[in-house]
Structure formats: C-alpha cells, structure tokens
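Coordinates as given in final-v4.tsv (TSV, C-alpha atoms and all ligand atoms):
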```tsv
chain	number	residue	atom	x	y	z
A	13	MET	CA	0.00	0.00	0.00
A	14	PHE	CA	1.13	3.51	-0.63
A	15	ASP	CA	1.39	6.04	2.10
A	16	PRO	CA	-1.45	8.53	1.45
A	17	SER	CA	1.07	11.34	1.83
A	18	THR	CA	3.05	10.02	-1.13
A	19	PRO	CA	2.97	12.57	-3.96
A	20	PRO	CA	0.48	11.42	-6.60
A	21	PHE	CA	3.06	11.16	-9.36
A	22	ILE	CA	5.11	8.75	-7.24
A	23	ALA	CA	2.06	6.61	-6.48
A	24	GLY	CA	1.05	6.63	-10.13
A	25	ALA	CA	4.49	5.68	-11.31
A	26	ALA	CA	4.89	2.98	-8.67
A	27	ALA	CA	1.63	1.43	-9.76
A	28	LEU	CA	3.25	0.57	-13.06
A	29	ALA	CA	5.31	-2.53	-13.54
A	30	ALA	CA	8.99	-1.97	-12.85
A	31	GLY	CA	9.71	-2.76	-16.47
A	32	ALA	CA	7.66	0.13	-17.84
A	33	SER	CA	9.53	1.97	-20.54
A	34	CYS	CA	11.42	5.17	-20.01
A	35	ALA	CA	9.06	6.88	-22.44
A	36	TYR	CA	6.35	6.90	-19.81
A	37	TYR	CA	8.43	8.61	-17.15
A	38	ALA	CA	10.21	10.89	-19.54
A	39	THR	CA	7.03	12.76	-20.26
A	40	TYR	CA	5.72	12.61	-16.73
A	41	ALA	CA	6.34	15.11	-13.94
A	42	VAL	CA	9.89	15.88	-15.03
A	43	ARG	CA	9.36	19.49	-13.98
A	44	SER	CA	8.10	18.75	-10.48
A	45	GLN	CA	9.87	20.56	-7.64
A	46	TRP	CA	8.08	18.47	-5.04
A	47	LEU	CA	10.99	16.49	-3.69
A	48	GLY	CA	13.85	18.84	-4.45
A	49	ALA	CA	15.12	21.74	-6.53
A	50	THR	CA	15.27	20.74	-10.17
A	51	ASP	CA	16.24	22.69	-13.25
A	52	TRP	CA	14.19	21.76	-16.27
A	53	ARG	CA	14.94	24.87	-18.29
A	54	GLY	CA	17.60	27.53	-18.34
A	55	ARG	CA	17.39	31.29	-18.20
A	56	ARG	CA	14.79	32.76	-20.51
A	57	ASP	CA	16.59	36.11	-20.74
A	58	THR	CA	19.05	34.68	-23.24
A	59	HIS	CA	19.07	33.83	-26.91
A	60	ALA	CA	20.31	30.33	-26.30
A	61	ALA	CA	19.31	26.73	-25.78
A	62	ALA	CA	21.43	23.84	-24.48
A	63	LEU	CA	21.95	20.40	-26.00
A	64	THR	CA	22.13	17.45	-23.62
A	65	PHE	CA	22.83	13.79	-24.42
A	66	ASP	CA	21.94	10.84	-22.18
A	67	ASP	CA	22.84	7.14	-21.91
A	68	GLY	CA	26.36	7.21	-23.35
A	69	PRO	CA	29.11	6.75	-23.93
A	70	SER	CA	28.35	4.41	-26.82
A	71	GLU	CA	29.85	3.41	-30.14
A	72	ASP	CA	27.99	6.39	-31.66
A	73	THR	CA	29.23	9.06	-29.27
A	74	GLU	CA	32.25	9.89	-31.37
A	75	ARG	CA	30.02	10.70	-34.34
A	76	VAL	CA	27.99	13.05	-32.15
A	77	LEU	CA	31.23	14.69	-31.05
A	78	ASP	CA	32.39	15.11	-34.64
A	79	VAL	CA	29.19	16.91	-35.61
A	80	LEU	CA	29.40	19.14	-32.54
A	81	ASP	CA	33.02	19.97	-33.41
A	82	ARG	CA	32.09	20.79	-36.97
A	83	LEU	CA	29.36	23.13	-35.74
A	84	ASN	CA	31.64	24.46	-33.01
A	85	LEU	CA	29.18	23.63	-30.21
A	86	ARG	CA	29.53	22.50	-26.63
A	87	ALA	CA	26.98	20.14	-25.09
A	88	ALA	CA	26.42	18.20	-21.86
A	89	PHE	CA	26.66	14.40	-21.70
A	90	PHE	CA	24.89	12.61	-18.85
A	91	MET	CA	26.84	9.36	-18.69
A	92	ILE	CA	26.07	5.91	-17.33
A	93	GLY	CA	28.95	4.73	-15.14
A	94	SER	CA	29.01	1.17	-16.46
A	95	ARG	CA	29.22	2.51	-20.03
A	96	VAL	CA	32.13	4.70	-19.01
A	97	GLU	CA	33.91	1.58	-17.75
A	98	ARG	CA	33.20	-0.18	-21.04
A	99	LEU	CA	34.27	2.71	-23.28
A	100	PRO	CA	36.77	4.76	-21.28
A	101	ARG	CA	38.46	6.14	-24.38
A	102	VAL	CA	35.19	7.60	-25.64
A	103	ALA	CA	34.32	9.05	-22.23
A	104	ARG	CA	37.70	10.76	-22.09
A	105	MET	CA	37.20	12.11	-25.57
A	106	VAL	CA	33.97	13.83	-24.47
A	107	ALA	CA	35.88	15.61	-21.71
A	108	GLU	CA	38.88	16.43	-23.89
A	109	ARG	CA	36.70	18.05	-26.52
A	110	GLY	CA	35.37	20.46	-23.92
A	111	HIS	CA	31.91	19.11	-23.16
A	112	GLU	CA	30.28	18.94	-19.75
A	113	ILE	CA	29.75	15.58	-18.11
A	114	GLY	CA	26.90	14.69	-15.77
A	115	ASN	CA	26.01	11.69	-13.60
A	116	HIS	CA	23.27	9.48	-15.10
A	117	SER	CA	23.63	6.60	-12.57
A	118	TYR	CA	25.85	3.54	-12.71
A	119	SER	CA	23.54	1.08	-14.49
A	120	HIS	CA	20.40	3.08	-15.36
A	121	PRO	CA	17.85	1.77	-12.84
A	122	ILE	CA	14.61	3.60	-12.12
A	123	TYR	CA	15.40	4.89	-8.62
A	124	LEU	CA	11.79	4.53	-7.60
A	125	TYR	CA	12.20	0.76	-7.49
A	126	ARG	CA	15.50	0.75	-5.65
A	127	THR	CA	16.20	1.05	-1.96
A	128	GLY	CA	17.76	4.24	-0.67
A	129	ARG	CA	21.01	2.35	-0.18
A	130	GLU	CA	21.08	1.13	-3.77
A	131	THR	CA	20.26	4.61	-5.05
A	132	ARG	CA	23.15	6.04	-3.07
A	133	ARG	CA	25.49	3.40	-4.44
A	134	GLN	CA	24.36	4.07	-8.00
A	135	LEU	CA	25.13	7.77	-7.74
A	136	GLU	CA	28.37	7.32	-5.82
A	137	ARG	CA	29.70	4.61	-8.09
A	138	ALA	CA	28.94	6.56	-11.25
A	139	GLN	CA	30.53	9.65	-9.72
A	140	ALA	CA	33.69	7.71	-8.84
A	141	VAL	CA	33.99	5.96	-12.22
A	142	ILE	CA	33.44	9.12	-14.23
A	143	GLU	CA	35.99	11.03	-12.20
A	144	GLU	CA	38.55	8.25	-12.37
A	145	VAL	CA	38.24	7.78	-16.13
A	146	THR	CA	37.75	11.35	-17.35
A	147	GLY	CA	39.37	13.36	-14.58
A	148	VAL	CA	36.16	15.37	-14.29
A	149	ARG	CA	34.02	15.28	-11.17
A	150	PRO	CA	30.42	15.83	-12.32
A	151	ARG	CA	28.51	18.77	-10.86
A	152	LEU	CA	25.28	17.91	-12.66
A	153	ALA	CA	23.03	14.86	-12.45
A	154	ARG	CA	20.04	13.57	-14.31
A	155	PRO	CA	18.34	10.47	-12.90
A	156	PRO	CA	17.40	7.70	-15.37
A	157	CYS	CA	14.12	8.58	-17.11
A	158	GLY	CA	14.00	11.73	-14.98
A	159	VAL	CA	12.58	9.83	-11.97
A	160	ARG	CA	13.61	11.40	-8.66
A	161	THR	CA	13.12	10.11	-5.14
A	162	PRO	CA	13.98	11.41	-1.66
A	163	ALA	CA	17.02	9.10	-1.55
A	164	TYR	CA	18.14	10.42	-4.90
A	165	PHE	CA	17.96	14.04	-3.75
A	166	ALA	CA	19.66	13.33	-0.43
A	167	THR	CA	22.61	11.73	-2.22
A	168	ALA	CA	22.74	14.27	-5.03
A	169	ARG	CA	22.90	17.07	-2.46
A	170	ARG	CA	25.63	15.35	-0.52
A	171	LEU	CA	27.69	14.85	-3.67
A	172	GLY	CA	27.17	18.47	-4.71
A	173	LEU	CA	25.14	17.48	-7.77
A	174	ARG	CA	22.63	19.83	-9.32
A	175	THR	CA	19.62	18.08	-10.88
A	176	VAL	CA	18.92	18.99	-14.49
A	177	GLN	CA	15.94	17.67	-16.45
A	178	TRP	CA	14.76	19.09	-19.78
A	179	ASP	CA	11.84	20.95	-21.33
A	180	VAL	CA	12.22	19.72	-24.91
A	181	ALA	CA	12.80	16.16	-26.10
A	182	GLY	CA	13.69	14.81	-29.52
A	183	PHE	CA	12.00	11.50	-28.68
A	184	ASP	CA	15.00	9.85	-30.30
A	185	TRP	CA	14.57	6.86	-28.00
A	186	THR	CA	11.66	5.84	-30.22
A	187	ARG	CA	12.00	4.78	-33.82
A	188	ARG	CA	12.23	8.19	-35.41
A	189	ARG	CA	13.97	9.58	-38.45
A	190	ALA	CA	16.21	12.60	-38.25
A	191	PRO	CA	13.67	15.12	-39.63
A	192	GLU	CA	11.10	13.93	-37.08
A	193	ILE	CA	13.59	14.25	-34.23
A	194	ALA	CA	14.47	17.76	-35.39
A	195	ARG	CA	10.79	18.67	-35.75
A	196	ALA	CA	10.03	17.49	-32.21
A	197	VAL	CA	12.87	19.61	-30.82
A	198	LEU	CA	12.11	22.71	-32.87
A	199	GLY	CA	8.41	22.45	-32.05
A	200	GLY	CA	9.14	23.22	-28.41
A	201	ALA	CA	12.50	25.01	-28.35
A	202	ARG	CA	12.68	28.57	-27.11
A	203	ALA	CA	15.14	30.74	-25.22
A	204	GLY	CA	16.43	28.83	-22.21
A	205	SER	CA	15.38	25.41	-23.46
A	206	ILE	CA	17.24	22.32	-22.31
A	207	ILE	CA	17.05	19.82	-25.15
A	208	LEU	CA	17.10	16.08	-24.43
A	209	LEU	CA	18.77	13.79	-26.96
A	210	HIS	CA	20.65	10.50	-26.65
A	211	ASP	CA	24.14	9.44	-27.69
A	212	GLY	CA	23.51	5.94	-26.35
A	213	ASP	CA	20.60	3.60	-25.72
A	214	SER	CA	19.95	2.44	-22.16
A	215	ASP	CA	18.65	-0.86	-23.53
A	216	GLY	CA	21.55	-1.17	-25.94
A	217	ARG	CA	19.20	-1.88	-28.83
A	218	ARG	CA	19.38	1.16	-31.08
A	219	ASP	CA	22.14	3.05	-32.79
A	220	ARG	CA	22.13	6.85	-32.86
A	221	ARG	CA	22.47	7.45	-36.57
A	222	GLU	CA	19.23	9.41	-36.74
A	223	THR	CA	20.18	11.61	-33.79
A	224	VAL	CA	23.52	12.38	-35.43
A	225	ALA	CA	21.76	13.30	-38.66
A	226	ALA	CA	19.24	15.45	-36.80
A	227	LEU	CA	21.85	17.66	-35.15
A	228	PRO	CA	22.60	19.98	-38.09
A	229	LEU	CA	18.85	20.31	-38.73
A	230	ILE	CA	18.25	21.24	-35.09
A	231	VAL	CA	21.04	23.80	-35.00
A	232	GLU	CA	19.95	25.34	-38.29
A	233	GLY	CA	16.35	25.51	-37.08
A	234	LEU	CA	17.38	27.16	-33.84
A	235	ARG	CA	19.42	29.69	-35.76
A	236	GLY	CA	16.33	30.47	-37.82
A	237	ARG	CA	14.73	31.55	-34.56
A	238	SER	CA	17.77	33.58	-33.56
A	239	LEU	CA	18.75	30.99	-30.96
A	240	VAL	CA	22.30	29.77	-30.48
A	241	VAL	CA	23.47	26.69	-28.62
A	242	ALA	CA	25.18	27.47	-25.30
A	243	PRO	CA	26.90	25.16	-22.81
A	244	LEU	CA	24.35	23.93	-20.27
A	245	SER	CA	26.07	25.41	-17.22
A	246	GLU	CA	26.08	28.86	-18.84
A	247	LEU	CA	22.35	28.64	-19.37
A	248	LEU	CA	21.40	27.59	-15.83
A	249	ALA	CA	20.16	30.21	-13.39
A	250	ASP	CA	22.36	31.07	-10.41
A	251	GLU	CA	20.12	29.19	-8.00
A	252	PRO	CA	18.94	25.59	-8.69
A	253	GLY	CA	15.27	25.32	-9.57
A	254	GLU	CA	14.92	29.01	-10.41
A	255	GLY	CA	13.78	28.16	-13.91
A	256	LYS	CA	10.45	26.90	-12.55
B	301	ZN	ZN	18.75	7.52	-19.60
```
Mind converting the file's structure to structure tokens?
Ligand SMILES: [Zn+2]
Amino acid sequence: MFDPSTPPFIAGAAALAAGASCAYYATYAVRSQWLGATDWRGRRDTHAAALTFDDGPSEDTERVLDVLDRLNLRAAFFMIGSRVERLPRVARMVAERGHEIGNHSYSHPIYLYRTGRETRRQLERAQAVIEEVTGVRPRLARPPCGVRTPAYFATARRLGLRTVQWDVAGFDWTRRRAPEIARAVLGGARAGSIILLHDGDSDGRRDRRETVAALPLIVEGLRGRSLVVAPLSELLADEPGEGK
C-alpha cells in the first residue's frame, strides 16, 4: 500500500510494472519541484538553448562529437557509469573536446524501485567511475528517465550534484527519423530550453544514426529563430530550480 502522503506522481508511477519503458516517465512530472530543486529549463533572458545527451558513452558518441566539433558547439553528456567503464576512451574524448559531463547513474535503474542504499550506491559509483576515467568530477546529475526520489535528492545534495531535467525532447529513444527528431525539438524550443537527446541507448538496442543526422537540422532551425546553442552550465540560473 502507498502512504497517502506520497505525492500522486510517485504513487502513479509505482503502480506501473517496474519494467515500464522510459518513455512513460520521460514525459511525466519531469518538472516537479516536489521532492527537491530541479532545473528543467535555463534562463529565458538569453538567446540560447542547451543540448544534452543521455545514456552514453556508446559506439555512436564519437560521431555526435564530430558533428558538434564541426558546428563548433559544446553540449552536456549525462553518462552511465558502467558505459564509461566499457568505453573509457570515448568518455575521455567527451571531456577532452570540452563538453560537460553529468552523472546518469551507474547502471540506469529507475530509482523509484531501488532502496535508498542502492540509489546512493548508484550515484556514488557513477561519480567515482566518471571522475577516475575522465578526470572530471560531475557537478550535474540527471536520474534515469527523470525519476527522482527522496534518496536520490539526499545523495545528489551530498555529492554536490545539481539536478537537471529538460523541457524539450527529440523522442529519439523511439524509432524516429532525423527530420522527425528535429521537428520534435524545434516544435518546443525557445530561449532557455534544455534539449534532451541520446548518444547511447539504455537498452543497448538502437544506434544513434538518426540523432547524429538530426543535429545539423536542429542547429539550423534554432538559428532560424535567432537561438544559439550554449553550454548547459552557462544557461542555468544562479540558484537551482529558479527556472520553474
Ligand atoms: Zn537515460
């Protein structure tokens, strides 16, 4: 039974089978400030949006990096610790090319279904692996599928991690072609937007060819609206959660 004081979005999410797809959570309550300060958009008084990539590093990350280099852009990569262990060279490359790196857990569990102890270990282990491999200690975190819990926030705070969600998604975790991904992003992007894309696949099933192909279309479309791409940390307000 759920405690009646449990926030409704937690109860609703918990009622689903643990195997429910990320797509459900990703569109659900990602902006909630209920359990802790969360940035889901950046400052609106800019002419910029930020690109963020989840679930890497993967075999496709280098292609994402090449496109970003060609367009002279800096993005943020929320990495899975176990993937960093598997592809340390790629993880290092992300750091060396000047991108930000965030903590996206060690093995991509939905924290809602994990004990507080497991959640802590997930965040701590990812933090340690990322720092050891890349030399960068993440300051930003994004929980898998955007699902946050009290244990998540307690650990994130202790590790000095700021929680960053998104306000615009390319839905590139579904079977979409590049123009559709770009259309989804451009349909919602505005000043201060934090754009969610993927350079890896948490299920390891899909490649990121379409995301790579969508990037120039997204950047060109943003430019058409007089928006540039800025590094995520430059776009965030001084205080966490101010964007709400
Ligand atoms: Zn993810």
### Message
List as a list in words the protein and nucleic acid residues lying within 7 Å of ligand ZN 301 (chain B), with all atoms listed in the file counted.
### Response
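If we count all atoms listed in the file, the neighbours of ligand ZN 301 (chain B) turn out to be Asp66, Asp67, His116, His120, Pro156, Cys157 and Ser214 of chain A.
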With C-alpha atoms retained, export the selected residues as a PDB file, in the frame of the given file.
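What landed in again_34.pdb:
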```pdb
ATOM      1  CA  ASP A  66      21.940  10.840 -22.180  1.00  0.00           C
ATOM      2  CA  ASP A  67      22.840   7.140 -21.910  1.00  0.00           C
ATOM      3  CA  HIS A 116      23.270   9.480 -15.100  1.00  0.00           C
ATOM      4  CA  HIS A 120      20.400   3.080 -15.360  1.00  0.00           C
ATOM      5  CA  PRO A 156      17.400   7.700 -15.370  1.00  0.00           C
ATOM      6  CA  CYS A 157      14.120   8.580 -17.110  1.00  0.00           C
ATOM      7  CA  SER A 214      19.950   2.440 -22.160  1.00  0.00           C
TER       8      SER A 214
END
```
Selection: 12 Å around Gly147 of chain A, all atoms listed in the file, excl. self and same-chain fewer than 2 positions, as an mmCIF file with C-alpha atoms, keeping the file's coordinate frame:
```
data_model
loop_
_atom_site.group_PDB
_atom_site.id
_atom_site.type_symbol
_atom_site.label_atom_id
_atom_site.label_comp_id
_atom_site.auth_asym_id
_atom_site.auth_seq_id
_atom_site.Cartn_x
_atom_site.Cartn_y
_atom_site.Cartn_z
ATOM 1 C CA PRO A 100 36.770 4.760 -21.280
ATOM 2 C CA ALA A 103 34.320 9.050 -22.230
ATOM 3 C CA ARG A 104 37.700 10.760 -22.090
ATOM 4 C CA MET A 105 37.200 12.110 -25.570
ATOM 5 C CA VAL A 106 33.970 13.830 -24.470
ATOM 6 C CA ALA A 107 35.880 15.610 -21.710
ATOM 7 C CA GLU A 108 38.880 16.430 -23.890
ATOM 8 C CA GLU A 112 30.280 18.940 -19.750
ATOM 9 C CA ILE A 113 29.750 15.580 -18.110
ATOM 10 C CA GLN A 139 30.530 9.650 -9.720
ATOM 11 C CA ALA A 140 33.690 7.710 -8.840
ATOM 12 C CA VAL A 141 33.990 5.960 -12.220
ATOM 13 C CA ILE A 142 33.440 9.120 -14.230
ATOM 14 C CA GLU A 143 35.990 11.030 -12.200
ATOM 15 C CA GLU A 144 38.550 8.250 -12.370
ATOM 16 C CA VAL A 145 38.240 7.780 -16.130
ATOM 17 C CA ARG A 149 34.020 15.280 -11.170
ATOM 18 C CA PRO A 150 30.420 15.830 -12.320
#
```
### Near-Trp52 of chain A list (10 Å; all atoms listed in the file; drop same-chain fewer than 2 positions) as number ranges by chain
A: 42-45, 49-50, 54, 175-180, 204-207, 248, 252-256
Using all atoms listed in the file, determine which residues lie at most 7 Å from Ala87 of chain A, disregarding the query and same-chain residues fewer than 2 positions distant; provide the list as a JSON list (two decimals) with C-alpha atoms, in the frame of the given file.
```
[["chain", "number", "residue", "atom", "x", "y", "z"],
["A", 62, "ALA", "CA", 21.43, 23.84, -24.48],
["A", 63, "LEU", "CA", 21.95, 20.40, -26.00],
["A", 64, "THR", "CA", 22.13, 17.45, -23.62],
["A", 85, "LEU", "CA", 29.18, 23.63, -30.21],
["A", 89, "PHE", "CA", 26.66, 14.40, -21.70],
["A", 111, "HIS", "CA", 31.91, 19.11, -23.16],
["A", 112, "GLU", "CA", 30.28, 18.94, -19.75],
["A", 243, "PRO", "CA", 26.90, 25.16, -22.81],
["A", 244, "LEU", "CA", 24.35, 23.93, -20.27]]
```
### Message
Quick check, in Å to one decimal: how far apart do atom CA of Arg151 of chain A and atom CA of Ala226 of chain A lie?
### Response
27.7 Å
### Residue nearest Ala181 of chain A - candidates A:Leu47, A:Ala201, A:Ala249, A:Ala168, atoms counted: only C-alpha atoms
A:Ala201
### Message
I'd like the contact shell of segment 129-132 of chain A - 7 Å cut-off, only C-alpha atoms, skipping same-chain residues fewer than 5 positions apart - returned as a list of chain:residue names.
### Response
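Within the cut-off, the hits are A:Tyr123, A:Ala163, A:Tyr164, A:Thr167.
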### Message
Taking 3 positions as the minimum chain separation for residues in the same chain, which residues sit within 6 Å of segment 184-196 of chain A when counting all atoms listed in the file? Answer as a VMD selection string.
### Response
chain A and resid 199 222 225 to 226 230
### Task
Determine the nearest neighbour of Leu247 of chain A from the options A:Val231, A:Cys34, A:Asp57, A:Thr146, counting only C-alpha atoms.
A:Asp57
